[in-house]
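> This is work-v9.pdb, which holds PDB, C-alpha atoms:
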```pdb
MODEL        1
ATOM      1  CA  MET L  17     -51.085  77.395-119.171
ATOM      2  CA  LYS L  18     -49.378  80.048-121.235
ATOM      3  CA  ILE L  19     -50.061  79.935-124.973
ATOM      4  CA  LYS L  20     -47.391  80.921-127.489
ATOM      5  CA  ILE L  21     -47.774  80.131-131.195
ATOM      6  CA  ASP L  22     -44.963  80.990-133.606
ATOM      7  CA  LEU L  23     -45.759  82.214-137.090
ATOM      8  CA  LEU L  24     -42.777  83.719-138.883
ATOM      9  CA  LYS L  25     -39.578  82.178-137.615
ATOM     10  CA  SER L  26     -36.655  84.504-138.244
ATOM     11  CA  GLN L  27     -37.488  85.144-141.905
ATOM     12  CA  LYS L  28     -34.405  86.677-143.449
ATOM     13  CA  ILE L  29     -33.915  89.550-145.839
ATOM     14  CA  LYS L  30     -30.322  90.136-146.891
ATOM     15  CA  PHE L  31     -29.254  92.927-149.150
ATOM     16  CA  GLU L  32     -25.723  93.842-150.118
ATOM     17  CA  GLY L  33     -25.661  97.266-151.694
ATOM     18  CA  VAL L  34     -26.516 100.914-151.230
ATOM     19  CA  THR L  35     -29.586 102.276-149.463
ATOM     20  CA  ASP L  36     -30.607 105.144-147.214
ATOM     21  CA  PHE L  37     -30.498 103.249-143.944
ATOM     22  CA  GLY L  38     -31.700 106.171-141.817
ATOM     23  CA  GLU L  39     -34.797 106.463-143.947
ATOM     24  CA  LEU L  40     -35.429 102.702-143.921
ATOM     25  CA  TYR L  41     -35.158 102.701-140.133
ATOM     26  CA  LYS L  42     -37.609 105.572-139.893
ATOM     27  CA  TYR L  43     -40.096 103.997-142.322
ATOM     28  CA  MET L  44     -40.044 100.702-140.465
ATOM     29  CA  LYS L  45     -40.755 102.514-137.219
ATOM     30  CA  LEU L  46     -43.622 104.357-138.914
ATOM     31  CA  TRP L  47     -45.121 101.052-140.049
ATOM     32  CA  PHE L  48     -45.500 100.021-136.430
ATOM     33  CA  GLU L  49     -46.952 103.410-135.553
ATOM     34  CA  ASP L  50     -49.441 103.224-138.425
ATOM     35  CA  ASN L  51     -50.461  99.719-137.430
ATOM     36  CA  LYS L  52     -50.900 100.755-133.820
ATOM     37  CA  TYR L  53     -48.192  98.647-132.242
ATOM     38  CA  GLY L  54     -47.213 100.129-128.897
ATOM     39  CA  ASP L  55     -48.096 103.484-127.493
ATOM     40  CA  LYS L  56     -47.676 106.178-130.139
ATOM     41  CA  ASP L  57     -45.794 108.565-127.857
ATOM     42  CA  LYS L  58     -43.617 105.871-126.397
ATOM     43  CA  ILE L  59     -43.011 103.737-129.466
ATOM     44  CA  GLU L  60     -39.440 104.961-129.839
ATOM     45  CA  LYS L  61     -38.587 103.746-126.355
ATOM     46  CA  SER L  62     -40.715 100.624-126.270
ATOM     47  CA  LEU L  63     -39.637  99.293-129.681
ATOM     48  CA  GLU L  64     -35.876  99.242-129.298
ATOM     49  CA  GLN L  65     -34.589  96.458-127.082
ATOM     50  CA  LYS L  66     -30.954  96.544-128.099
ATOM     51  CA  TYR L  67     -28.740  98.899-130.085
ATOM     52  CA  ILE L  68     -25.081  98.055-130.461
ATOM     53  CA  GLU L  69     -22.796 100.026-132.733
ATOM     54  CA  ARG L  70     -19.174  99.086-133.247
ATOM     55  CA  ILE L  71     -16.794 101.229-135.238
ATOM     56  CA  LYS L  72     -14.199  99.300-137.192
ATOM     57  CA  GLY L  73     -11.885 101.681-139.018
ATOM     58  CA  GLU L  74     -14.087 103.732-141.301
ATOM     59  CA  LYS L  75     -16.912 101.212-141.250
ATOM     60  CA  LYS L  76     -19.668 100.573-138.748
ATOM     61  CA  GLN L  77     -21.217  97.383-137.543
ATOM     62  CA  LEU L  78     -24.722  97.527-136.088
ATOM     63  CA  GLU L  79     -26.814  95.072-134.156
ATOM     64  CA  ILE L  80     -30.295  96.285-133.324
ATOM     65  CA  SER L  81     -33.258  94.398-132.007
ATOM     66  CA  TRP L  82     -36.876  95.566-131.855
ATOM     67  CA  HIS L  83     -39.853  94.104-130.119
ATOM     68  CA  ALA L  84     -43.311  95.366-131.009
ATOM     69  CA  GLU L  85     -46.526  94.162-129.470
ATOM     70  CA  LYS L  86     -50.192  94.922-129.839
ATOM     71  CA  LYS L  87     -52.920  93.946-127.430
ATOM     72  CA  LYS L  88     -55.598  92.115-129.392
ATOM     73  CA  SER L  89     -57.980  91.234-126.573
ATOM     74  CA  ASP L  90     -57.835  90.832-122.808
ATOM     75  CA  PHE L  91     -56.294  87.426-123.344
ATOM     76  CA  PHE L  92     -54.043  87.702-126.383
ATOM     77  CA  ARG L  93     -51.441  89.966-127.946
ATOM     78  CA  TYR L  94     -49.564  90.040-131.244
ATOM     79  CA  ASN L  95     -45.764  90.207-131.211
ATOM     80  CA  ILE L  96     -43.400  91.097-134.032
ATOM     81  CA  ASP L  97     -39.639  90.991-133.508
ATOM     82  CA  THR L  98     -37.091  92.525-135.848
ATOM     83  CA  LEU L  99     -33.370  91.959-135.759
ATOM     84  CA  PHE L 100     -30.967  94.094-137.783
ATOM     85  CA  LEU L 101     -27.421  92.923-138.436
ATOM     86  CA  ILE L 102     -25.453  95.369-140.500
ATOM     87  CA  LEU L 103     -21.874  94.768-141.489
ATOM     88  CA  GLY L 104     -19.295  97.094-143.035
ATOM     89  CA  MET L 105     -21.552 100.132-143.236
ATOM     90  CA  GLY L 106     -19.984 103.238-144.724
ATOM     91  CA  ASP L 107     -21.339 106.434-146.248
ATOM     92  CA  VAL L 108     -21.331 106.886-150.014
ATOM     93  CA  GLU L 109     -22.514 109.772-152.113
ATOM     94  CA  VAL L 110     -25.079 108.918-154.763
ATOM     95  CA  GLU L 111     -26.463 111.201-157.439
ATOM     96  CA  GLU L 112     -30.207 110.835-157.954
ATOM     97  CA  ASN L 113     -31.883 112.994-160.606
ATOM     98  CA  GLY L 114     -29.006 115.448-160.444
ATOM     99  CA  VAL L 115     -29.199 115.727-156.633
ATOM    100  CA  LYS L 116     -26.399 114.387-154.471
ATOM    101  CA  ARG L 117     -27.500 112.250-151.519
ATOM    102  CA  LYS L 118     -25.579 110.605-148.759
ATOM    103  CA  MET L 119     -26.484 106.919-148.519
ATOM    104  CA  GLN L 120     -25.053 103.850-146.854
ATOM    105  CA  LYS L 121     -23.313 100.878-148.402
ATOM    106  CA  ALA L 122     -23.248  97.675-146.372
ATOM    107  CA  VAL L 123     -24.456  94.146-145.963
ATOM    108  CA  PHE L 124     -27.918  94.607-144.452
ATOM    109  CA  GLU L 125     -29.537  91.615-142.826
ATOM    110  CA  ILE L 126     -33.011  91.923-141.325
ATOM    111  CA  ARG L 127     -34.787  89.048-139.594
ATOM    112  CA  VAL L 128     -38.488  89.119-138.814
ATOM    113  CA  SER L 129     -40.289  86.851-136.362
ATOM    114  CA  SER L 130     -43.882  86.946-135.218
ATOM    115  CA  TYR L 131     -45.935  85.078-132.649
ATOM    116  CA  LEU L 132     -49.224  85.095-130.835
ATOM    117  CA  GLU L 133     -49.019  85.032-127.063
ATOM    118  CA  SER L 134     -51.479  84.864-124.195
ATOM    119  CA  THR L 135     -51.563  87.672-121.645
ATOM    120  CA  LYS L 136     -51.301  87.432-117.877
ATOM    121  CA  ALA L 137     -55.105  87.605-117.620
ATOM    122  CA  TRP L 138     -55.349  84.317-119.548
ATOM    123  CA  ASP L 139     -52.580  82.679-117.552
ATOM    124  CA  ASP L 140     -54.376  83.621-114.320
ATOM    125  CA  LEU L 141     -57.703  82.043-115.348
ATOM    126  CA  LYS L 142     -58.580  78.926-113.411
ATOM    127  CA  GLY L 143     -60.921  75.919-113.399
ATOM    128  CA  LEU L 144     -64.334  76.029-115.043
ATOM    129  CA  GLN L 145     -63.895  79.576-116.214
ATOM    130  CA  LYS L 146     -60.849  78.491-118.196
ATOM    131  CA  ILE L 147     -62.585  75.469-119.751
ATOM    132  CA  TYR L 148     -65.445  77.721-120.846
ATOM    133  CA  ARG L 149     -62.991  80.225-122.307
ATOM    134  CA  GLU L 150     -60.982  77.508-124.091
ATOM    135  CA  PHE L 151     -64.040  76.374-126.014
ATOM    136  CA  ILE L 152     -64.796  79.878-127.195
ATOM    137  CA  ILE L 153     -61.226  80.932-127.739
ATOM    138  CA  ARG L 154     -60.139  78.031-129.993
ATOM    139  CA  LYS L 155     -61.914  79.430-133.020
ATOM    140  CA  ARG L 156     -60.807  82.919-132.205
ATOM    141  CA  ILE L 157     -57.145  81.885-131.996
ATOM    142  CA  ASN L 158     -57.317  80.783-135.635
ATOM    143  CA  GLU L 159     -58.736  84.161-136.610
ATOM    144  CA  TYR L 160     -55.966  85.923-134.673
ATOM    145  CA  LEU L 161     -53.326  83.744-136.338
ATOM    146  CA  ALA L 162     -54.682  84.567-139.790
ATOM    147  CA  GLU L 163     -54.644  88.279-139.022
ATOM    148  CA  LEU L 164     -51.140  88.241-137.523
ATOM    149  CA  TYR L 165     -49.847  86.169-140.453
ATOM    150  CA  ASP L 166     -51.263  88.715-142.874
ATOM    151  CA  LYS L 167     -49.829  91.653-140.942
ATOM    152  CA  SER L 168     -46.375  90.219-140.469
ATOM    153  CA  MET L 169     -46.102  89.163-144.135
ATOM    154  CA  LYS L 170     -47.108  92.701-145.113
ATOM    155  CA  TYR L 171     -44.388  94.099-142.860
ATOM    156  CA  PHE L 172     -41.889  91.691-144.445
ATOM    157  CA  SER L 173     -42.972  92.765-147.940
ATOM    158  CA  TYR L 174     -42.784  96.421-146.927
ATOM    159  CA  ILE L 175     -39.087  96.044-146.041
ATOM    160  CA  LYS L 176     -38.337  94.103-149.235
ATOM    161  CA  THR L 177     -40.071  96.702-151.359
ATOM    162  CA  TYR L 178     -38.069  99.502-149.750
ATOM    163  CA  LEU L 179     -34.821  97.671-150.525
ATOM    164  CA  GLY L 180     -35.952  97.005-154.098
ATOM    165  CA  LEU L 181     -36.124  93.240-153.657
ATOM    166  CA  ARG L 182     -38.639  90.988-155.351
ATOM    167  CA  ASP L 183     -42.025  90.766-153.725
TER     168      ASP L 183
ATOM    169  CA  MET O   1     -40.002  51.561-145.085
ATOM    170  CA  ALA O   2     -40.842  52.760-141.593
ATOM    171  CA  ILE O   3     -42.982  55.853-141.492
ATOM    172  CA  GLY O   4     -41.594  58.486-139.118
ATOM    173  CA  ARG O   5     -43.003  61.804-137.984
ATOM    174  CA  LYS O   6     -41.431  63.587-140.950
ATOM    175  CA  THR O   7     -41.490  61.647-144.177
ATOM    176  CA  PRO O   8     -39.544  63.149-147.094
ATOM    177  CA  ILE O   9     -41.172  62.712-150.478
ATOM    178  CA  HIS O  10     -38.308  64.155-152.550
ATOM    179  CA  PRO O  11     -35.121  62.347-153.651
ATOM    180  CA  SER O  12     -32.378  62.605-151.015
ATOM    181  CA  ASN O  13     -30.920  65.856-152.393
ATOM    182  CA  GLY O  14     -34.250  67.255-153.469
ATOM    183  CA  ILE O  15     -35.271  67.818-157.084
ATOM    184  CA  VAL O  16     -32.493  69.953-158.493
ATOM    185  CA  ILE O  17     -33.035  72.123-161.550
ATOM    186  CA  ARG O  18     -30.013  73.804-163.088
ATOM    187  CA  TYR O  19     -30.322  76.347-165.820
ATOM    188  CA  LYS O  20     -28.080  78.853-167.550
ATOM    189  CA  GLY O  21     -29.533  81.446-169.876
ATOM    190  CA  ILE O  22     -32.319  83.987-170.009
ATOM    191  CA  ILE O  23     -34.590  83.889-166.958
ATOM    192  CA  ASP O  24     -37.610  86.003-166.170
ATOM    193  CA  ILE O  25     -36.880  85.936-162.435
ATOM    194  CA  ASP O  26     -39.721  88.302-161.542
ATOM    195  CA  SER O  27     -42.397  86.195-163.149
ATOM    196  CA  LEU O  28     -40.845  82.922-161.930
ATOM    197  CA  TYR O  29     -40.900  84.257-158.374
ATOM    198  CA  LYS O  30     -44.489  85.486-158.696
ATOM    199  CA  ASN O  31     -45.689  82.234-160.236
ATOM    200  CA  VAL O  32     -44.110  80.089-157.533
ATOM    201  CA  LYS O  33     -45.523  82.349-154.826
ATOM    202  CA  SER O  34     -49.007  82.229-156.285
ATOM    203  CA  TRP O  35     -48.766  78.442-156.801
ATOM    204  CA  PHE O  36     -48.598  78.097-153.007
ATOM    205  CA  GLY O  37     -51.639  80.354-152.666
ATOM    206  CA  LYS O  38     -53.644  78.493-155.297
ATOM    207  CA  ASN O  39     -52.912  75.169-153.633
ATOM    208  CA  ASP O  40     -53.996  76.396-150.208
ATOM    209  CA  TYR O  41     -50.546  76.527-148.668
ATOM    210  CA  ASP O  42     -49.563  79.124-146.062
ATOM    211  CA  PHE O  43     -46.623  80.826-147.711
ATOM    212  CA  TYR O  44     -43.370  81.709-145.934
ATOM    213  CA  GLU O  45     -40.129  83.180-147.183
ATOM    214  CA  LYS O  46     -37.203  81.912-145.158
ATOM    215  CA  GLU O  47     -34.662  84.055-146.950
ATOM    216  CA  ASN O  48     -34.443  86.745-149.595
ATOM    217  CA  THR O  49     -30.868  87.780-150.312
ATOM    218  CA  GLU O  50     -29.525  90.006-153.037
ATOM    219  CA  LYS O  51     -25.875  90.935-153.430
ATOM    220  CA  THR O  52     -24.830  93.615-155.845
ATOM    221  CA  LYS O  53     -21.707  92.549-157.725
ATOM    222  CA  PRO O  54     -19.913  93.974-160.762
ATOM    223  CA  GLN O  55     -20.123  90.645-162.649
ATOM    224  CA  GLY O  56     -23.899  90.583-162.021
ATOM    225  CA  ASN O  57     -26.014  90.299-158.890
ATOM    226  CA  SER O  58     -26.407  87.089-156.986
ATOM    227  CA  LEU O  59     -29.706  86.017-155.476
ATOM    228  CA  ILE O  60     -30.920  83.522-152.933
ATOM    229  CA  ILE O  61     -34.659  83.173-152.336
ATOM    230  CA  LYS O  62     -35.870  80.370-150.090
ATOM    231  CA  MET O  63     -39.609  79.848-149.884
ATOM    232  CA  TYR O  64     -41.809  77.210-148.380
ATOM    233  CA  GLY O  65     -45.468  76.543-147.798
ATOM    234  CA  THR O  66     -47.363  74.433-145.294
ATOM    235  CA  ARG O  67     -50.872  73.057-145.550
ATOM    236  CA  ASN O  68     -52.772  71.297-142.806
ATOM    237  CA  VAL O  69     -54.520  68.563-144.771
ATOM    238  CA  ASP O  70     -56.474  67.474-141.694
ATOM    239  CA  ASP O  71     -55.914  67.350-137.928
ATOM    240  CA  TYR O  72     -53.141  64.820-138.302
ATOM    241  CA  VAL O  73     -51.202  65.442-141.525
ATOM    242  CA  GLN O  74     -49.408  68.543-142.722
ATOM    243  CA  PHE O  75     -47.742  68.934-146.123
ATOM    244  CA  LYS O  76     -44.627  71.080-146.445
ATOM    245  CA  ILE O  77     -43.096  72.013-149.780
ATOM    246  CA  ASP O  78     -39.862  74.001-150.141
ATOM    247  CA  ALA O  79     -38.868  75.867-153.291
ATOM    248  CA  GLU O  80     -35.390  77.286-152.995
ATOM    249  CA  PHE O  81     -33.740  79.485-155.567
ATOM    250  CA  ASP O  82     -30.586  78.196-154.010
ATOM    251  CA  GLU O  83     -28.339  80.425-156.028
ATOM    252  CA  ILE O  84     -28.885  82.538-159.073
ATOM    253  CA  LEU O  85     -25.532  83.880-160.127
ATOM    254  CA  ARG O  86     -24.329  86.588-162.512
ATOM    255  CA  VAL O  87     -27.786  88.102-162.851
ATOM    256  CA  LYS O  88     -27.772  90.848-165.472
ATOM    257  CA  ARG O  89     -30.760  92.699-166.800
ATOM    258  CA  ILE O  90     -31.554  92.175-170.486
ATOM    259  CA  ASP O  91     -34.642  94.149-171.534
ATOM    260  CA  LYS O  92     -37.411  92.965-169.197
ATOM    261  CA  LYS O  93     -35.732  89.661-168.376
ATOM    262  CA  TYR O  94     -32.409  88.637-166.887
ATOM    263  CA  SER O  95     -29.531  86.407-167.804
ATOM    264  CA  GLY O  96     -27.974  84.219-165.167
ATOM    265  CA  GLU O  97     -27.165  80.796-163.834
ATOM    266  CA  ALA O  98     -29.746  79.247-161.568
ATOM    267  CA  ARG O  99     -29.929  76.298-159.260
ATOM    268  CA  ILE O 100     -33.395  75.612-157.919
ATOM    269  CA  ILE O 101     -34.193  72.898-155.397
ATOM    270  CA  ILE O 102     -37.637  71.500-154.588
ATOM    271  CA  ARG O 103     -38.294  69.470-151.475
ATOM    272  CA  ALA O 104     -41.508  68.060-150.069
ATOM    273  CA  GLU O 105     -42.308  66.311-146.839
ATOM    274  CA  MET O 106     -45.261  65.001-144.955
ATOM    275  CA  ILE O 107     -45.419  65.840-141.251
ATOM    276  CA  LEU O 108     -47.542  63.495-139.176
ATOM    277  CA  ASP O 109     -49.067  64.630-135.895
ATOM    278  CA  TYR O 110     -47.992  68.203-136.588
ATOM    279  CA  GLU O 111     -49.747  69.350-133.425
ATOM    280  CA  ASN O 112     -47.524  67.017-131.412
ATOM    281  CA  LYS O 113     -50.372  65.343-129.563
ATOM    282  CA  TRP O 114     -48.613  61.952-129.572
ATOM    283  CA  LYS O 115     -45.405  63.389-128.123
ATOM    284  CA  SER O 116     -45.687  61.403-124.901
ATOM    285  CA  PHE O 117     -46.450  58.073-126.595
ATOM    286  CA  PRO O 118     -43.651  57.410-129.122
ATOM    287  CA  PHE O 119     -44.195  53.653-129.260
ATOM    288  CA  LEU O 120     -47.952  53.925-129.828
ATOM    289  CA  PHE O 121     -47.253  56.642-132.371
ATOM    290  CA  TYR O 122     -44.999  54.247-134.287
ATOM    291  CA  ILE O 123     -47.617  51.478-134.192
ATOM    292  CA  TYR O 124     -50.360  53.864-135.282
ATOM    293  CA  ASN O 125     -48.411  55.147-138.296
ATOM    294  CA  ASN O 126     -46.868  51.875-139.400
ATOM    295  CA  TYR O 127     -49.770  49.512-138.854
ATOM    296  CA  VAL O 128     -53.076  51.298-138.316
ATOM    297  CA  LYS O 129     -52.686  54.257-140.657
ATOM    298  CA  LYS O 130     -49.982  53.005-143.024
ATOM    299  CA  ARG O 131     -52.314  52.021-145.854
ATOM    300  CA  ASN O 132     -54.076  55.368-145.701
ATOM    301  CA  ILE O 133     -50.777  57.272-145.690
ATOM    302  CA  LEU O 134     -49.347  55.392-148.644
ATOM    303  CA  LYS O 135     -52.517  55.273-150.711
ATOM    304  CA  TYR O 136     -53.888  58.714-150.065
ATOM    305  CA  TYR O 137     -51.484  61.279-148.586
ATOM    306  CA  TRP O 138     -48.260  60.170-150.251
ATOM    307  CA  PRO O 139     -49.549  60.290-153.879
ATOM    308  CA  LYS O 140     -51.253  63.592-153.185
ATOM    309  CA  ILE O 141     -48.169  65.466-151.979
ATOM    310  CA  TYR O 142     -46.035  63.739-154.608
ATOM    311  CA  SER O 143     -48.275  65.000-157.395
ATOM    312  CA  GLU O 144     -48.260  68.508-155.913
ATOM    313  CA  MET O 145     -44.462  68.486-155.730
ATOM    314  CA  MET O 146     -44.284  67.378-159.378
ATOM    315  CA  ASP O 147     -46.810  70.033-160.347
ATOM    316  CA  LEU O 148     -44.568  72.730-158.840
ATOM    317  CA  ASN O 149     -41.600  71.141-160.596
ATOM    318  CA  SER O 150     -43.445  71.377-163.940
ATOM    319  CA  LEU O 151     -44.400  74.970-163.285
ATOM    320  CA  ILE O 152     -40.789  75.987-162.649
ATOM    321  CA  LYS O 153     -39.516  74.040-165.646
ATOM    322  CA  SER O 154     -42.129  75.517-167.955
ATOM    323  CA  ASN O 155     -41.214  79.007-166.712
ATOM    324  CA  LEU O 156     -37.598  78.323-167.581
ATOM    325  CA  GLY O 157     -38.579  76.837-170.939
ATOM    326  CA  LEU O 158     -37.234  73.395-170.066
ATOM    327  CA  ILE O 159     -38.601  70.065-171.276
ATOM    328  CA  GLU O 160     -41.234  68.721-168.892
TER     329      GLU O 160
ENDMDL
END
```
I need this file expressed as structure tokens, please.

Amino acid sequence: MKIKIDLLKSQKIKFEGVTDFGELYKYMKLWFEDNKYGDKDKIEKSLEQKYIERIKGEKKQLEISWHAEKKKSDFFRYNIDTLFLILGMGDVEVEENGVKRKMQKAVFEIRVSSYLESTKAWDDLKGLQKIYREFIIRKRINEYLAELYDKSMKYFSYIKTYLGLRD
Amino acid sequence: MAIGRKTPIHPSNGIVIRYKGIIDIDSLYKNVKSWFGKNDYDFYEKENTEKTKPQGNSLIIKMYGTRNVDDYVQFKIDAEFDEILRVKRIDKKYSGEARIIIRAEMILDYENKWKSFPFLFYIYNNYVKKRNILKYYWPKIYSEMMDLNSLIKSNLGLIE
């Protein structure tokens, strides 16, 4: 039987203000690269599941969804999903230390979910072999959950820190 | 009182704290977060919203923690900075208007092992385990909820 255990359930960060969205996007992608989620060369393609951009007058509306996974063992993998909903995004010029920078003003909403999931190898196990594995794996699942919880909360904090929110 | 799967410990609308004045939001947030850690709760942040407004920022921070007391009972405590309005920085603190809500509940059979036997589940909770729930678990989560309440009030400088 397939195992799927949810940890973070659509935890929401919402920020209404000015930020460099391009840079945030890049930094978030780098976090997954640094933490070895997905194949380094293919991360750009494997991460993005959906990218919708609608132009409404001078403003943009974005809906982006990411799915990142990391194989933990032959039987389990970590999953972290990110959903971006950005409303009324427009460019603004901001002066920082005497240097003018183009940044984006919008309502940024980012939702993070994470879960532990069994792989096909686990699902294909049968009979005695599976019973034997279940006894060993129970303890290990708790260790995996603790590690994934720690990682996904760090990712959540990383985004908040970038946006200047309390952490 | 029949004991269901989820038993709220808080008053129907939760414990509501309203405050207008100087608030050290950063330290309040940190203290609440570390309270969950100190009391062995797994900490989650459902929402962290900040809106920049000319009259002062508005904030919503919704946190909760869960603790598996044993194989059968889980405690869940919510601390929601439901709205903090007109937040303006004054030195290292802030001024603003806050509404904070605390909720606590006990979740029985959190692993859903009794899912297929609702009638037996009812009998087990309301006859076999009732005394244990009311004498042991209920006072424990109640005192933890009140402890968090005191912590928030003392941070805001309110009478405890």
> So what does the ChimeraX specification (/L :<8) & /O actually pick up in this one, as number ranges by chain?
O: 26, 29-30, 44-52
> Excluding same-chain residues fewer than 5 positions from Ile3 in chain O, what lies within 10 Å of it counting only C-alpha atoms, as an mmCIF file with C-alpha atoms, in the coordinates of the input?

```
data_model
loop_
_atom_site.group_PDB
_atom_site.id
_atom_site.type_symbol
_atom_site.label_atom_id
_atom_site.label_comp_id
_atom_site.auth_asym_id
_atom_site.auth_seq_id
_atom_site.Cartn_x
_atom_site.Cartn_y
_atom_site.Cartn_z
ATOM 1 C CA PRO O 8 -39.544 63.149 -147.094
ATOM 2 C CA LEU O 108 -47.542 63.495 -139.176
ATOM 3 C CA TYR O 122 -44.999 54.247 -134.287
ATOM 4 C CA ILE O 123 -47.617 51.478 -134.192
ATOM 5 C CA TYR O 124 -50.360 53.864 -135.282
ATOM 6 C CA ASN O 125 -48.411 55.147 -138.296
ATOM 7 C CA ASN O 126 -46.868 51.875 -139.400
ATOM 8 C CA TYR O 127 -49.770 49.512 -138.854
ATOM 9 C CA LYS O 129 -52.686 54.257 -140.657
ATOM 10 C CA LYS O 130 -49.982 53.005 -143.024
ATOM 11 C CA ILE O 133 -50.777 57.272 -145.690
ATOM 12 C CA LEU O 134 -49.347 55.392 -148.644
#
```
> Just how far from CA of Gly106 in chain L is CA of Ala122 in chain L, in Å to one decimal?
6.7 Å
> For a test of reading the model, state the distance in Å between CA of Asp42 in chain O and CA of Tyr64 in chain O, rounded to one decimal.
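So the two atoms, CA of Asp42 in chain O and CA of Tyr64 in chain O, lie 8.3 Å apart.
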> If you measure from CA of Ser143 in chain O to CA of Ile100 in chain O, what distance in Å do you get, rounded to one decimal?
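Value for the CA of Ser143 in chain O-CA of Ile100 in chain O distance: 18.3 Å.
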> Please expand the PyMOL selection byres ((chain O and resi 22) around 8) into the concrete residues it hits in this file, giving the result as a list in words.
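Written out, the selection comes to Lys20, Gly21, Ile23, Asp24, Lys93, Tyr94, Ser95 and Gly96 of chain O.
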> Emit as AutoDock Vina command-line options the padded axis-aligned box for all listed atoms of range 79-96 of chain L, 6 Å per side, with centre and edge lengths in Å to one decimal.

```
--center_x -42.4 --center_y 91.9 --center_z -128.5 --size_x 43.2 --size_y 20.9 --size_z 23.3
```
> Smallest atom-to-atom distance to Asp140 in chain L: which of L:Leu164, L:Asp90, L:Ile21, L:Leu103, using all atoms listed in the file?
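Closest candidate: L:Asp90.
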> Which of these, O:Arg5, O:Gly56, O:Val87, O:Gly14, has the shortest distance to Ile101 in chain O once you count all atoms listed in the file?
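Ranked by minimum distance to Ile101 in chain O, first place goes to O:Gly14.
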> Evaluate the PyMOL selection byres ((chain O and resi 135-141) around 8) against this structure - the residues, as a list of chain:residue names, please.
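Selected by the PyMOL selection byres ((chain O and resi 135-141) around 8) in this file: O:Ile9, O:Phe75, O:Ala104, O:Glu105, O:Met106, O:Arg131, O:Asn132, O:Ile133, O:Leu134, O:Tyr142, O:Ser143, O:Glu144, O:Met145.
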> Please list as a PDB file with C-alpha atoms, in the frame of the given file every residue within 9 Å of Ile17 in chain O, counting all atoms listed in the file and excluding residues in the same chain fewer than 5 positions away.

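Final file, part31.pdb:
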```
ATOM      1  CA  ALA O  98     -29.746  79.247-161.568  1.00  0.00           C
ATOM      2  CA  ARG O  99     -29.929  76.298-159.260  1.00  0.00           C
ATOM      3  CA  ILE O 100     -33.395  75.612-157.919  1.00  0.00           C
ATOM      4  CA  ILE O 101     -34.193  72.898-155.397  1.00  0.00           C
ATOM      5  CA  ILE O 102     -37.637  71.500-154.588  1.00  0.00           C
ATOM      6  CA  ASN O 149     -41.600  71.141-160.596  1.00  0.00           C
ATOM      7  CA  ILE O 152     -40.789  75.987-162.649  1.00  0.00           C
ATOM      8  CA  LYS O 153     -39.516  74.040-165.646  1.00  0.00           C
TER       9      LYS O 153
END
```
> Select, from O:Thr66, O:Ser154, O:Ser58, O:Thr7, the residue with the minimum atom-to-atom distance to Asn31 in chain O, counting only C-alpha atoms.
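Of all the options, O:Ser154 lies closest to Asn31 in chain O.
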> Counting all atoms listed in the file, which of O:Lys92, O:Arg18, O:His10, O:Lys113 gets nearest to Ile77 in chain O?
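Of the candidates, the smallest distance to Ile77 in chain O is held by O:His10.
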> Do a neighbour search on Tyr43 in chain L at 10 Å with all atoms listed in the file, toss out local chain neighbours closer than 6 positions, and write the hits as a list in words.
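With the cut-off at 10 Å, the set is Phe37, Glu49, Tyr174, Ile175 and Tyr178 of chain L.
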> I'd like to know which of O:Leu28, O:Asn57, O:Lys33, O:Gln74 is closest to Tyr110 in chain O, using all atoms listed in the file.
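The closest residue to Tyr110 in chain O is O:Gln74.
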> Ranking O:Arg103, O:Asn68, O:Arg86, O:Leu120 by minimum distance to Met146 in chain O and counting all atoms listed in the file, which one comes first?
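That would be O:Arg103, the residue with the smallest distance to Met146 in chain O.
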> Hey, what's within 12 Å of Lys66 in chain L if we count only C-alpha atoms and toss same-chain stuff fewer than 4 positions away? As a ChimeraX atom specification, please?
/L:61-62,78-83,97-101
> Using only C-alpha atoms, determine which residues lie at most 12 Å from range 107-118 of chain L, disregarding the query and same-chain residues fewer than 2 positions distant; provide the list as an NGL selection string.
:L and (33-39 or 74-76 or 104-105 or 120-122)
> Taking (-49.4, 71.5, -150.8) in the file's coordinates, which residues come within 6 Å, counting all atoms listed in the file, written as a list of chain:residue names?
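The residues near that point, listed by chain and number, are O:Asn39, O:Tyr41, O:Arg67, O:Phe75.
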